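Everything below belongs to data11.pdb, which stores PDB, C-alpha atoms, pLDDT in the B column.
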```
ATOM      1  CA  MET A   1    -157.064-162.986  47.053  1.00 48.00           C
ATOM      2  CA  GLY A   2    -160.122-165.116  47.797  1.00 55.00           C
ATOM      3  CA  ALA A   3    -162.021-162.127  49.171  1.00 60.00           C
ATOM      4  CA  GLY A   4    -161.169-160.104  46.064  1.00 58.00           C
ATOM      5  CA  CYS A   5    -162.456-162.844  43.784  1.00 67.00           C
ATOM      6  CA  GLN A   6    -165.682-163.032  45.772  1.00 74.00           C
ATOM      7  CA  VAL A   7    -166.168-159.265  45.447  1.00 80.00           C
ATOM      8  CA  ASN A   8    -165.669-159.524  41.686  1.00 82.00           C
ATOM      9  CA  ARG A   9    -168.143-162.402  41.457  1.00 86.00           C
ATOM     10  CA  ASN A  10    -170.723-160.467  43.458  1.00 87.00           C
ATOM     11  CA  ARG A  11    -170.218-157.382  41.308  1.00 90.00           C
ATOM     12  CA  ASP A  12    -170.587-159.386  38.084  1.00 91.00           C
ATOM     13  CA  ALA A  13    -173.683-161.147  39.424  1.00 90.00           C
ATOM     14  CA  PHE A  14    -175.241-157.810  40.416  1.00 94.00           C
ATOM     15  CA  ALA A  15    -174.511-156.334  36.960  1.00 93.00           C
ATOM     16  CA  ASN A  16    -176.029-159.390  35.258  1.00 92.00           C
ATOM     17  CA  GLY A  17    -179.112-159.036  37.451  1.00 92.00           C
ATOM     18  CA  ILE A  18    -179.537-155.406  36.387  1.00 93.00           C
ATOM     19  CA  ARG A  19    -179.152-156.393  32.738  1.00 92.00           C
ATOM     20  CA  ASP A  20    -181.754-159.162  32.954  1.00 90.00           C
ATOM     21  CA  GLY A  21    -184.051-157.060  35.126  1.00 89.00           C
ATOM     22  CA  PHE A  22    -184.167-154.063  32.797  1.00 90.00           C
ATOM     23  CA  PRO A  23    -186.838-155.488  30.432  1.00 87.00           C
ATOM     24  CA  ILE A  24    -188.827-156.521  33.506  1.00 86.00           C
ATOM     25  CA  ALA A  25    -188.647-152.953  34.816  1.00 88.00           C
ATOM     26  CA  LEU A  26    -190.101-151.613  31.560  1.00 85.00           C
ATOM     27  CA  GLY A  27    -192.998-154.051  31.727  1.00 82.00           C
ATOM     28  CA  TYR A  28    -193.588-153.278  35.386  1.00 85.00           C
ATOM     29  CA  PHE A  29    -193.716-149.554  34.704  1.00 87.00           C
ATOM     30  CA  ALA A  30    -196.449-150.004  32.093  1.00 80.00           C
ATOM     31  CA  VAL A  31    -198.575-152.290  34.270  1.00 81.00           C
ATOM     32  CA  ALA A  32    -198.057-150.218  37.421  1.00 86.00           C
ATOM     33  CA  PHE A  33    -199.189-147.092  35.545  1.00 86.00           C
ATOM     34  CA  SER A  34    -202.636-148.659  35.144  1.00 81.00           C
ATOM     35  CA  LEU A  35    -202.502-149.730  38.770  1.00 85.00           C
ATOM     36  CA  GLY A  36    -201.737-146.130  39.730  1.00 88.00           C
ATOM     37  CA  ILE A  37    -204.976-145.051  38.067  1.00 85.00           C
ATOM     38  CA  VAL A  38    -206.843-147.431  40.382  1.00 85.00           C
ATOM     39  CA  ALA A  39    -204.816-146.133  43.345  1.00 88.00           C
ATOM     40  CA  LYS A  40    -205.916-142.614  42.439  1.00 87.00           C
ATOM     41  CA  LYS A  41    -209.551-143.727  42.487  1.00 85.00           C
ATOM     42  CA  ALA A  42    -208.903-145.216  45.937  1.00 88.00           C
ATOM     43  CA  GLY A  43    -207.725-141.801  47.124  1.00 89.00           C
ATOM     44  CA  LEU A  44    -203.987-142.480  47.492  1.00 90.00           C
ATOM     45  CA  SER A  45    -201.417-139.708  47.126  1.00 91.00           C
ATOM     46  CA  PRO A  46    -198.309-140.225  44.935  1.00 92.00           C
ATOM     47  CA  PHE A  47    -196.179-140.874  48.033  1.00 93.00           C
ATOM     48  CA  GLN A  48    -198.683-143.373  49.418  1.00 92.00           C
ATOM     49  CA  GLY A  49    -198.809-145.111  46.045  1.00 92.00           C
ATOM     50  CA  PHE A  50    -195.009-145.270  45.890  1.00 93.00           C
ATOM     51  CA  LEU A  51    -194.811-146.715  49.387  1.00 91.00           C
ATOM     52  CA  SER A  52    -197.530-149.251  48.640  1.00 91.00           C
ATOM     53  CA  SER A  53    -195.821-150.513  45.475  1.00 91.00           C
ATOM     54  CA  PHE A  54    -192.390-150.454  47.107  1.00 89.00           C
ATOM     55  CA  LEU A  55    -193.623-152.801  49.839  1.00 89.00           C
ATOM     56  CA  ASN A  56    -196.146-154.852  47.840  1.00 87.00           C
ATOM     57  CA  HIS A  57    -194.698-156.235  44.621  1.00 85.00           C
ATOM     58  CA  ALA A  58    -197.754-157.884  43.084  1.00 81.00           C
ATOM     59  CA  SER A  59    -200.419-156.399  40.847  1.00 79.00           C
ATOM     60  CA  ALA A  60    -203.101-158.772  42.145  1.00 76.00           C
ATOM     61  CA  GLY A  61    -202.146-158.056  45.751  1.00 82.00           C
ATOM     62  CA  GLU A  62    -202.120-154.298  45.252  1.00 86.00           C
ATOM     63  CA  TYR A  63    -205.361-154.315  43.297  1.00 83.00           C
ATOM     64  CA  ALA A  64    -206.929-156.265  46.150  1.00 81.00           C
ATOM     65  CA  GLU A  65    -205.474-153.728  48.579  1.00 86.00           C
ATOM     66  CA  PHE A  66    -206.934-150.768  46.697  1.00 88.00           C
ATOM     67  CA  THR A  67    -210.293-152.538  46.421  1.00 84.00           C
ATOM     68  CA  VAL A  68    -210.365-152.974  50.186  1.00 85.00           C
ATOM     69  CA  ILE A  69    -209.444-149.302  50.671  1.00 88.00           C
ATOM     70  CA  MET A  70    -212.261-148.190  48.371  1.00 87.00           C
ATOM     71  CA  ALA A  71    -214.650-150.428  50.319  1.00 82.00           C
ATOM     72  CA  ASP A  72    -213.515-148.759  53.566  1.00 83.00           C
ATOM     73  CA  ALA A  73    -212.876-152.209  55.051  1.00 80.00           C
ATOM     74  CA  PRO A  74    -210.950-152.780  58.306  1.00 83.00           C
ATOM     75  CA  TYR A  75    -207.188-153.393  58.421  1.00 84.00           C
ATOM     76  CA  LEU A  76    -207.628-157.023  59.453  1.00 84.00           C
ATOM     77  CA  GLU A  77    -209.596-157.724  56.295  1.00 81.00           C
ATOM     78  CA  MET A  78    -206.948-155.944  54.217  1.00 83.00           C
ATOM     79  CA  ALA A  79    -204.228-158.110  55.767  1.00 85.00           C
ATOM     80  CA  PHE A  80    -206.199-161.271  55.013  1.00 83.00           C
ATOM     81  CA  VAL A  81    -206.973-160.277  51.419  1.00 80.00           C
ATOM     82  CA  ILE A  82    -203.353-159.380  50.638  1.00 82.00           C
ATOM     83  CA  LEU A  83    -202.115-162.575  52.310  1.00 82.00           C
ATOM     84  CA  VAL A  84    -204.390-164.703  50.124  1.00 78.00           C
ATOM     85  CA  ALA A  85    -203.520-162.785  46.952  1.00 76.00           C
ATOM     86  CA  ASN A  86    -199.760-163.025  47.579  1.00 81.00           C
ATOM     87  CA  MET A  87    -199.594-166.480  49.122  1.00 78.00           C
ATOM     88  CA  ARG A  88    -197.871-167.985  46.089  1.00 77.00           C
ATOM     89  CA  TYR A  89    -194.747-165.991  46.887  1.00 83.00           C
ATOM     90  CA  LEU A  90    -194.276-168.046  50.041  1.00 82.00           C
ATOM     91  CA  LEU A  91    -193.908-171.119  47.839  1.00 77.00           C
ATOM     92  CA  MET A  92    -191.652-169.294  45.368  1.00 80.00           C
ATOM     93  CA  SER A  93    -189.368-168.140  48.167  1.00 85.00           C
ATOM     94  CA  CYS A  94    -189.094-171.665  49.559  1.00 83.00           C
ATOM     95  CA  ALA A  95    -188.310-173.045  46.106  1.00 80.00           C
ATOM     96  CA  LEU A  96    -185.717-170.362  45.389  1.00 85.00           C
ATOM     97  CA  SER A  97    -183.998-170.923  48.734  1.00 85.00           C
ATOM     98  CA  GLN A  98    -182.989-174.347  47.425  1.00 83.00           C
ATOM     99  CA  LYS A  99    -180.918-172.625  44.746  1.00 86.00           C
ATOM    100  CA  PHE A 100    -178.634-170.923  47.280  1.00 88.00           C
ATOM    101  CA  ASP A 101    -175.379-172.340  48.509  1.00 86.00           C
ATOM    102  CA  ALA A 102    -175.804-174.039  51.880  1.00 84.00           C
ATOM    103  CA  LYS A 103    -173.561-171.376  53.466  1.00 87.00           C
ATOM    104  CA  THR A 104    -175.765-168.470  52.331  1.00 87.00           C
ATOM    105  CA  SER A 105    -176.880-166.529  55.407  1.00 89.00           C
ATOM    106  CA  TRP A 106    -180.506-166.181  56.448  1.00 89.00           C
ATOM    107  CA  VAL A 107    -180.233-162.410  55.918  1.00 91.00           C
ATOM    108  CA  HIS A 108    -179.687-162.910  52.171  1.00 90.00           C
ATOM    109  CA  ARG A 109    -182.527-165.422  52.053  1.00 90.00           C
ATOM    110  CA  VAL A 110    -184.943-163.005  53.736  1.00 90.00           C
ATOM    111  CA  LEU A 111    -183.940-160.046  51.553  1.00 91.00           C
ATOM    112  CA  VAL A 112    -184.265-162.028  48.329  1.00 90.00           C
ATOM    113  CA  GLY A 113    -187.607-163.418  49.529  1.00 89.00           C
ATOM    114  CA  PHE A 114    -188.855-159.890  50.177  1.00 89.00           C
ATOM    115  CA  GLY A 115    -188.210-158.891  46.569  1.00 89.00           C
ATOM    116  CA  ILE A 116    -189.618-162.006  44.908  1.00 88.00           C
ATOM    117  CA  THR A 117    -192.002-161.469  42.007  1.00 86.00           C
ATOM    118  CA  ASP A 118    -193.103-163.894  39.303  1.00 81.00           C
ATOM    119  CA  GLU A 119    -190.553-162.540  36.832  1.00 84.00           C
ATOM    120  CA  ILE A 120    -187.644-162.158  39.252  1.00 87.00           C
ATOM    121  CA  PHE A 121    -188.300-165.667  40.492  1.00 85.00           C
ATOM    122  CA  GLY A 122    -188.302-166.909  36.894  1.00 82.00           C
ATOM    123  CA  ILE A 123    -184.926-165.444  35.935  1.00 85.00           C
ATOM    124  CA  SER A 124    -183.366-166.321  39.316  1.00 87.00           C
ATOM    125  CA  VAL A 125    -184.456-169.943  39.467  1.00 81.00           C
ATOM    126  CA  GLY A 126    -183.372-170.400  35.847  1.00 79.00           C
ATOM    127  CA  LYS A 127    -179.729-169.538  36.561  1.00 82.00           C
ATOM    128  CA  PRO A 128    -177.516-172.635  36.250  1.00 83.00           C
ATOM    129  CA  GLY A 129    -175.766-173.820  39.374  1.00 85.00           C
ATOM    130  CA  ALA A 130    -175.945-172.165  42.793  1.00 87.00           C
ATOM    131  CA  LEU A 131    -177.618-168.771  42.825  1.00 89.00           C
ATOM    132  CA  ASN A 132    -175.627-165.747  43.957  1.00 91.00           C
ATOM    133  CA  PRO A 133    -178.005-163.482  45.941  1.00 91.00           C
ATOM    134  CA  CYS A 134    -176.352-160.465  44.306  1.00 93.00           C
ATOM    135  CA  TYR A 135    -177.918-161.514  40.995  1.00 92.00           C
ATOM    136  CA  SER A 136    -181.409-161.244  42.494  1.00 92.00           C
ATOM    137  CA  TYR A 137    -180.425-157.966  44.160  1.00 94.00           C
ATOM    138  CA  GLY A 138    -179.436-156.545  40.775  1.00 94.00           C
ATOM    139  CA  ALA A 139    -182.755-157.547  39.201  1.00 92.00           C
ATOM    140  CA  MET A 140    -184.636-156.132  42.189  1.00 93.00           C
ATOM    141  CA  ALA A 141    -182.637-152.880  42.109  1.00 94.00           C
ATOM    142  CA  ILE A 142    -183.934-152.033  38.614  1.00 93.00           C
ATOM    143  CA  ALA A 143    -187.307-153.815  38.474  1.00 91.00           C
ATOM    144  CA  LEU A 144    -188.869-152.828  41.812  1.00 93.00           C
ATOM    145  CA  PRO A 145    -188.265-149.060  41.450  1.00 92.00           C
ATOM    146  CA  GLY A 146    -189.826-149.336  37.976  1.00 91.00           C
ATOM    147  CA  TRP A 147    -192.907-150.857  39.592  1.00 92.00           C
ATOM    148  CA  ALA A 148    -193.132-148.175  42.278  1.00 93.00           C
ATOM    149  CA  LEU A 149    -192.474-145.269  39.889  1.00 93.00           C
ATOM    150  CA  GLY A 150    -195.087-146.578  37.463  1.00 90.00           C
ATOM    151  CA  THR A 151    -197.673-146.439  40.235  1.00 91.00           C
ATOM    152  CA  VAL A 152    -196.640-142.870  41.085  1.00 93.00           C
ATOM    153  CA  MET A 153    -196.936-141.771  37.460  1.00 91.00           C
ATOM    154  CA  GLY A 154    -200.379-143.370  37.209  1.00 89.00           C
ATOM    155  CA  ILE A 155    -201.568-141.449  40.268  1.00 90.00           C
ATOM    156  CA  VAL A 156    -200.088-138.195  38.938  1.00 90.00           C
ATOM    157  CA  ALA A 157    -201.754-138.770  35.566  1.00 85.00           C
ATOM    158  CA  GLY A 158    -205.022-139.468  37.367  1.00 78.00           C
ATOM    159  CA  ASN A 159    -204.768-136.092  39.074  1.00 78.00           C
ATOM    160  CA  VAL A 160    -204.161-134.281  35.774  1.00 77.00           C
ATOM    161  CA  LEU A 161    -206.260-136.124  33.200  1.00 70.00           C
ATOM    162  CA  PRO A 162    -210.044-135.660  32.832  1.00 71.00           C
ATOM    163  CA  ALA A 163    -212.243-138.040  34.823  1.00 65.00           C
ATOM    164  CA  SER A 164    -213.492-139.737  31.645  1.00 66.00           C
ATOM    165  CA  VAL A 165    -209.927-140.567  30.551  1.00 64.00           C
ATOM    166  CA  VAL A 166    -209.033-141.846  34.026  1.00 60.00           C
ATOM    167  CA  SER A 167    -212.080-144.104  33.964  1.00 61.00           C
ATOM    168  CA  ALA A 168    -211.093-145.436  30.543  1.00 63.00           C
ATOM    169  CA  LEU A 169    -207.485-146.081  31.612  1.00 60.00           C
ATOM    170  CA  SER A 170    -208.608-147.980  34.706  1.00 57.00           C
ATOM    171  CA  VAL A 171    -209.979-150.674  32.383  1.00 61.00           C
ATOM    172  CA  ALA A 172    -206.415-151.471  31.270  1.00 59.00           C
ATOM    173  CA  LEU A 173    -205.742-153.357  34.494  1.00 55.00           C
ATOM    174  CA  TYR A 174    -208.623-155.712  33.789  1.00 62.00           C
ATOM    175  CA  GLY A 175    -207.112-156.263  30.360  1.00 62.00           C
ATOM    176  CA  MET A 176    -203.879-157.330  32.042  1.00 55.00           C
ATOM    177  CA  PHE A 177    -205.693-159.952  34.110  1.00 61.00           C
ATOM    178  CA  VAL A 178    -207.462-161.239  31.001  1.00 70.00           C
ATOM    179  CA  ALA A 179    -204.099-161.449  29.217  1.00 63.00           C
ATOM    180  CA  ILE A 180    -202.819-163.589  32.104  1.00 58.00           C
ATOM    181  CA  ILE A 181    -205.660-166.109  32.278  1.00 71.00           C
ATOM    182  CA  ILE A 182    -206.491-166.596  28.577  1.00 77.00           C
ATOM    183  CA  PRO A 183    -203.176-168.231  27.460  1.00 76.00           C
ATOM    184  CA  ALA A 184    -203.206-170.545  30.485  1.00 71.00           C
ATOM    185  CA  ALA A 185    -206.860-171.433  29.915  1.00 79.00           C
ATOM    186  CA  ARG A 186    -206.237-172.294  26.272  1.00 83.00           C
ATOM    187  CA  LYS A 187    -203.530-174.785  27.238  1.00 81.00           C
ATOM    188  CA  ASN A 188    -205.191-176.434  30.224  1.00 82.00           C
ATOM    189  CA  LYS A 189    -208.788-177.618  30.515  1.00 86.00           C
ATOM    190  CA  VAL A 190    -208.573-177.732  34.330  1.00 85.00           C
ATOM    191  CA  ILE A 191    -207.702-174.027  34.424  1.00 82.00           C
ATOM    192  CA  ARG A 192    -210.597-173.332  32.044  1.00 87.00           C
ATOM    193  CA  GLY A 193    -212.917-175.136  34.390  1.00 88.00           C
ATOM    194  CA  VAL A 194    -211.590-173.306  37.456  1.00 85.00           C
ATOM    195  CA  ILE A 195    -212.019-169.919  35.733  1.00 85.00           C
ATOM    196  CA  ALA A 196    -215.572-170.772  34.694  1.00 88.00           C
ATOM    197  CA  ALA A 197    -216.368-171.989  38.205  1.00 88.00           C
ATOM    198  CA  SER A 198    -214.931-168.755  39.628  1.00 84.00           C
ATOM    199  CA  PHE A 199    -217.150-166.614  37.410  1.00 85.00           C
ATOM    200  CA  LEU A 200    -220.263-168.624  38.248  1.00 91.00           C
ATOM    201  CA  ALA A 201    -219.511-168.737  41.977  1.00 87.00           C
ATOM    202  CA  SER A 202    -218.821-165.001  42.125  1.00 83.00           C
ATOM    203  CA  PHE A 203    -222.113-164.260  40.372  1.00 87.00           C
ATOM    204  CA  ALA A 204    -224.031-166.650  42.628  1.00 87.00           C
ATOM    205  CA  VAL A 205    -222.524-165.243  45.816  1.00 84.00           C
ATOM    206  CA  SER A 206    -223.333-161.682  44.742  1.00 82.00           C
ATOM    207  CA  ARG A 207    -227.014-162.685  44.452  1.00 84.00           C
ATOM    208  CA  ILE A 208    -227.391-164.377  47.836  1.00 84.00           C
ATOM    209  CA  PRO A 209    -229.092-161.944  50.272  1.00 83.00           C
ATOM    210  CA  LEU A 210    -227.686-163.726  53.351  1.00 79.00           C
ATOM    211  CA  LEU A 211    -224.147-162.731  52.282  1.00 75.00           C
ATOM    212  CA  ASP A 212    -224.873-159.030  51.825  1.00 74.00           C
ATOM    213  CA  GLY A 213    -223.213-158.294  55.159  1.00 71.00           C
ATOM    214  CA  ILE A 214    -219.849-159.568  53.865  1.00 72.00           C
ATOM    215  CA  SER A 215    -217.739-157.119  51.860  1.00 63.00           C
ATOM    216  CA  ASP A 216    -216.951-157.869  48.209  1.00 64.00           C
ATOM    217  CA  SER A 217    -213.218-158.192  48.889  1.00 57.00           C
ATOM    218  CA  MET A 218    -213.813-160.778  51.631  1.00 67.00           C
ATOM    219  CA  LYS A 219    -216.165-162.728  49.357  1.00 73.00           C
ATOM    220  CA  ILE A 220    -213.493-162.810  46.637  1.00 70.00           C
ATOM    221  CA  SER A 221    -210.812-163.912  49.108  1.00 66.00           C
ATOM    222  CA  LEU A 222    -212.934-166.726  50.520  1.00 76.00           C
ATOM    223  CA  LEU A 223    -213.897-167.910  47.037  1.00 79.00           C
ATOM    224  CA  THR A 224    -210.228-167.835  46.019  1.00 74.00           C
ATOM    225  CA  VAL A 225    -209.266-170.112  48.907  1.00 75.00           C
ATOM    226  CA  LEU A 226    -212.199-172.486  48.412  1.00 83.00           C
ATOM    227  CA  ILE A 227    -211.987-172.817  44.620  1.00 82.00           C
ATOM    228  CA  ALA A 228    -208.178-172.981  44.445  1.00 76.00           C
ATOM    229  CA  GLY A 229    -208.108-175.471  47.330  1.00 79.00           C
ATOM    230  CA  GLY A 230    -210.793-177.612  45.721  1.00 84.00           C
ATOM    231  CA  ALA A 231    -208.965-177.620  42.397  1.00 81.00           C
ATOM    232  CA  ALA A 232    -205.704-178.616  44.108  1.00 77.00           C
ATOM    233  CA  VAL A 233    -207.424-181.562  45.812  1.00 84.00           C
ATOM    234  CA  LEU A 234    -209.393-182.735  42.771  1.00 84.00           C
ATOM    235  CA  PHE A 235    -206.712-182.132  40.133  1.00 81.00           C
ATOM    236  CA  PRO A 236    -203.206-182.498  41.615  1.00 75.00           C
ATOM    237  CA  ILE A 237    -200.421-181.302  39.327  1.00 60.00           C
ATOM    238  CA  GLY A 238    -198.637-184.643  39.561  1.00 58.00           C
ATOM    239  CA  GLU A 239    -201.623-186.533  38.149  1.00 48.00           C
ATOM    240  CA  GLU A 240    -202.056-183.914  35.471  1.00 45.00           C
ATOM    241  CA  LYS A 241    -198.482-184.426  34.303  1.00 47.00           C
ATOM    242  CA  GLU A 242    -198.912-188.203  34.279  1.00 47.00           C
ATOM    243  CA  ASP A 243    -202.073-187.849  32.186  1.00 49.00           C
ATOM    244  CA  ALA A 244    -200.192-185.604  29.752  1.00 48.00           C
ATOM    245  CA  LYS A 245    -197.368-188.154  29.484  1.00 48.00           C
ATOM    246  CA  THR A 246    -199.858-190.952  28.887  1.00 48.00           C
ATOM    247  CA  GLU A 247    -201.606-188.971  26.137  1.00 49.00           C
ATOM    248  CA  ALA A 248    -198.269-188.168  24.523  1.00 47.00           C
ATOM    249  CA  ALA A 249    -197.255-191.832  24.600  1.00 47.00           C
ATOM    250  CA  LYS A 250    -200.557-192.861  23.004  1.00 46.00           C
ATOM    251  CA  THR A 251    -200.096-190.295  20.276  1.00 44.00           C
ATOM    252  CA  GLU A 252    -196.596-191.523  19.479  1.00 46.00           C
ATOM    253  CA  ALA A 253    -197.839-195.119  19.389  1.00 44.00           C
ATOM    254  CA  GLY A 254    -200.734-194.190  17.148  1.00 44.00           C
ATOM    255  CA  GLU A 255    -203.357-195.291  19.665  1.00 43.00           C
ATOM    256  CA  PRO A 256    -206.813-193.689  19.603  1.00 41.00           C
ATOM    257  CA  ASP A 257    -207.998-191.546  22.550  1.00 43.00           C
TER     258      ASP A 257
END
```
Show how you would write the structure in this file as C-alpha cells.
Amino acid sequence: MGAGCQVNRNRDAFANGIRDGFPIALGYFAVAFSLGIVAKKAGLSPFQGFLSSFLNHASAGEYAEFTVIMADAPYLEMAFVILVANMRYLLMSCALSQKFDAKTSWVHRVLVGFGITDEIFGISVGKPGALNPCYSYGAMAIALPGWALGTVMGIVAGNVLPASVVSALSVALYGMFVAIIIPAARKNKVIRGVIAASFLASFAVSRIPLLDGISDSMKISLLTVLIAGGAAVLFPIGEEKEDAKTEAAKTEAGEPD
C-alpha cells in the first residue's frame, strides 16, 4: 500500500512539474531560436546544436561556447569559459539539495542538478515542504527539449533565410541580455555600478596592445571573475540587505536620508 501511494505521489509530482514547466518551455524555445542563429554563424549543424543545448542549459554559457568556437580557441579555454559562465548553477544545486528529504538518494540529487536552470530552480525551490525530485523531472522533461529544439530551429532557419535576415536575427540575443540586466540595474545601484565598470573595463582591455595575444573570450572570462569577485568582496549581499532595512526603517520613522 505504501509503495502504491509513493508511486501516485511521484506521478502527481511529475505531472505538476510538466504543467509548471510548460510556460518555461515556450520561453526557452523563443530564446533558443535566437541562440540557434548564433550557432549557425559558428558553423554548427542542427544535430550539433541540439546536442549542445541538450547538455548545456544556459544561454550565457552556450553563447560563450559559440563565441569560443568562432574564435577557433582551444578546448581548454572553452571549458574554462563555460565553467565561469555557468558557475552559478553550482550554488543553485547546493541550495536546492537542501529542499530534498534527507533520504533522497545521491542519484536523484545529481540528475536534478544536471537539469538546473534559473527558471527550474525558481519553481522547484518555491515548492512548499520537501521537494519531490519527480517534480523537477517533470519540469525538465518539457522545458529542456524546448530549449534544444529551439536551437535546432534557429540553425535550420539560418540555413534557409537570407544572410541579411540571419544577421538581423542574431541581434535578438543581445536584446535578451539587455532585458536581463536593465530591470536589475534599475533596482540596485551596486548592479548599475558593476555593469558600468564591466563596460569600461572591457573597452579598456580591448585597447591595451599587451593583451592582444589573449582571445576575446578569455578576456571576458577573466574580467567576469575579477569584477564579480571584487563586487562580492566590496558589497556583500548581507550588508546590502541591512542597508535596505535601515533605509526602510528611516522612511517609516520619517527621518531624513
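One distance worth recording is that between atom CA of Glu77 of chain A and atom CA of Ile214 of chain A, which is 10.7 Å.
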Students should find that atom CA of Arg186 of chain A and atom CA of Ile82 of chain A are spaced 27.7 Å
Report as a PyMOL selection string the residues that result from applying the PyMOL selection byres ((chain A and resi 97) around 12) to the structure here. chain A and resi 89-96+98-113+116+121+124-125+130-133+136
Given the PyMOL selection byres ((chain A and resi 202) around 12) and the file above, list the residues it selects as a ChimeraX atom specification. /A:194-201,203-208,211,216-224,226-227
Would you please work out which residue, of A:Ile69, A:Leu234, A:Ala60, A:Ile182, is nearest to Arg88 of chain A when using only C-alpha atoms?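 Once distances to Arg88 of chain A are computed over only C-alpha atoms, the minimum belongs to A:Ala60.
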Around the point (-197.4, -160.9, 42.0) in the file's coordinates, collect all residues with an atom within 9 Å, using all atoms listed in the file, and return them as a PyMOL selection string. chain A and resi 56-62+85-86+88-89+116-119
Quick one: residues within 9 Å of Tyr137 of chain A, only C-alpha atoms, excluding same-chain residues fewer than 2 positions away - as a VMD selection string? chain A and resid 13 to 14 17 to 18 111 to 112 115 133 to 135 139 to 142
Can you spit out segment 18-24 of chain A with all heavy atoms, as a PDB file, in the first residue's frame, from the structure just given?
```
ATOM      1  N   ILE A  18       5.426  19.083 -15.184  1.00  0.00           N
ATOM      2  CA  ILE A  18       5.164  19.341 -16.600  1.00  0.00           C
ATOM      3  C   ILE A  18       4.269  20.562 -16.764  1.00  0.00           C
ATOM      4  O   ILE A  18       4.505  21.417 -17.624  1.00  0.00           O
ATOM      5  CB  ILE A  18       4.528  18.105 -17.257  1.00  0.00           C
ATOM      6  CG1 ILE A  18       5.542  16.964 -17.338  1.00  0.00           C
ATOM      7  CG2 ILE A  18       3.999  18.445 -18.650  1.00  0.00           C
ATOM      8  CD1 ILE A  18       4.987  15.697 -17.939  1.00  0.00           C
ATOM      9  N   ARG A  19       3.241  20.645 -15.934  1.00  0.00           N
ATOM     10  CA  ARG A  19       2.314  21.784 -16.012  1.00  0.00           C
ATOM     11  C   ARG A  19       3.048  23.104 -15.763  1.00  0.00           C
ATOM     12  O   ARG A  19       2.890  24.067 -16.525  1.00  0.00           O
ATOM     13  CB  ARG A  19       1.208  21.604 -14.970  1.00  0.00           C
ATOM     14  CG  ARG A  19       0.178  22.733 -14.919  1.00  0.00           C
ATOM     15  CD  ARG A  19      -0.566  22.700 -13.600  1.00  0.00           C
ATOM     16  NE  ARG A  19       0.332  22.938 -12.486  1.00  0.00           N
ATOM     17  CZ  ARG A  19       0.064  22.600 -11.225  1.00  0.00           C
ATOM     18  NH1 ARG A  19      -1.063  21.981 -10.927  1.00  0.00           N
ATOM     19  NH2 ARG A  19       0.934  22.863 -10.260  1.00  0.00           N
ATOM     20  N   ASP A  20       3.859  23.154 -14.713  1.00  0.00           N
ATOM     21  CA  ASP A  20       4.558  24.396 -14.390  1.00  0.00           C
ATOM     22  C   ASP A  20       5.716  24.669 -15.356  1.00  0.00           C
ATOM     23  O   ASP A  20       6.136  25.818 -15.516  1.00  0.00           O
ATOM     24  CB  ASP A  20       5.105  24.316 -12.956  1.00  0.00           C
ATOM     25  CG  ASP A  20       3.988  24.256 -11.921  1.00  0.00           C
ATOM     26  OD1 ASP A  20       2.832  24.549 -12.270  1.00  0.00           O
ATOM     27  OD2 ASP A  20       4.281  23.889 -10.759  1.00  0.00           O
ATOM     28  N   GLY A  21       6.232  23.617 -15.978  1.00  0.00           N
ATOM     29  CA  GLY A  21       7.347  23.796 -16.896  1.00  0.00           C
ATOM     30  C   GLY A  21       6.940  24.165 -18.301  1.00  0.00           C
ATOM     31  O   GLY A  21       7.789  24.610 -19.097  1.00  0.00           O
ATOM     32  N   PHE A  22       5.651  24.021 -18.629  1.00  0.00           N
ATOM     33  CA  PHE A  22       5.210  24.300 -19.995  1.00  0.00           C
ATOM     34  C   PHE A  22       5.432  25.759 -20.397  1.00  0.00           C
ATOM     35  O   PHE A  22       5.976  26.022 -21.491  1.00  0.00           O
ATOM     36  CB  PHE A  22       3.737  23.920 -20.168  1.00  0.00           C
ATOM     37  CG  PHE A  22       3.234  24.085 -21.570  1.00  0.00           C
ATOM     38  CD1 PHE A  22       3.601  23.188 -22.559  1.00  0.00           C
ATOM     39  CD2 PHE A  22       2.397  25.139 -21.916  1.00  0.00           C
ATOM     40  CE1 PHE A  22       3.144  23.326 -23.857  1.00  0.00           C
ATOM     41  CE2 PHE A  22       1.944  25.294 -23.215  1.00  0.00           C
ATOM     42  CZ  PHE A  22       2.317  24.385 -24.181  1.00  0.00           C
ATOM     43  N   PRO A  23       5.048  26.747 -19.575  1.00  0.00           N
ATOM     44  CA  PRO A  23       5.348  28.139 -19.964  1.00  0.00           C
ATOM     45  C   PRO A  23       6.844  28.397 -20.093  1.00  0.00           C
ATOM     46  O   PRO A  23       7.277  29.188 -20.936  1.00  0.00           O
ATOM     47  CB  PRO A  23       4.739  28.960 -18.806  1.00  0.00           C
ATOM     48  CG  PRO A  23       3.751  28.059 -18.161  1.00  0.00           C
ATOM     49  CD  PRO A  23       4.301  26.678 -18.309  1.00  0.00           C
ATOM     50  N   ILE A  24       7.637  27.731 -19.265  1.00  0.00           N
ATOM     51  CA  ILE A  24       9.093  27.874 -19.354  1.00  0.00           C
ATOM     52  C   ILE A  24       9.588  27.356 -20.697  1.00  0.00           C
ATOM     53  O   ILE A  24      10.452  27.959 -21.340  1.00  0.00           O
ATOM     54  CB  ILE A  24       9.772  27.128 -18.191  1.00  0.00           C
ATOM     55  CG1 ILE A  24       9.378  27.760 -16.852  1.00  0.00           C
ATOM     56  CG2 ILE A  24      11.292  27.131 -18.354  1.00  0.00           C
ATOM     57  CD1 ILE A  24       9.917  27.004 -15.639  1.00  0.00           C
TER      58      ILE A  24
END
```
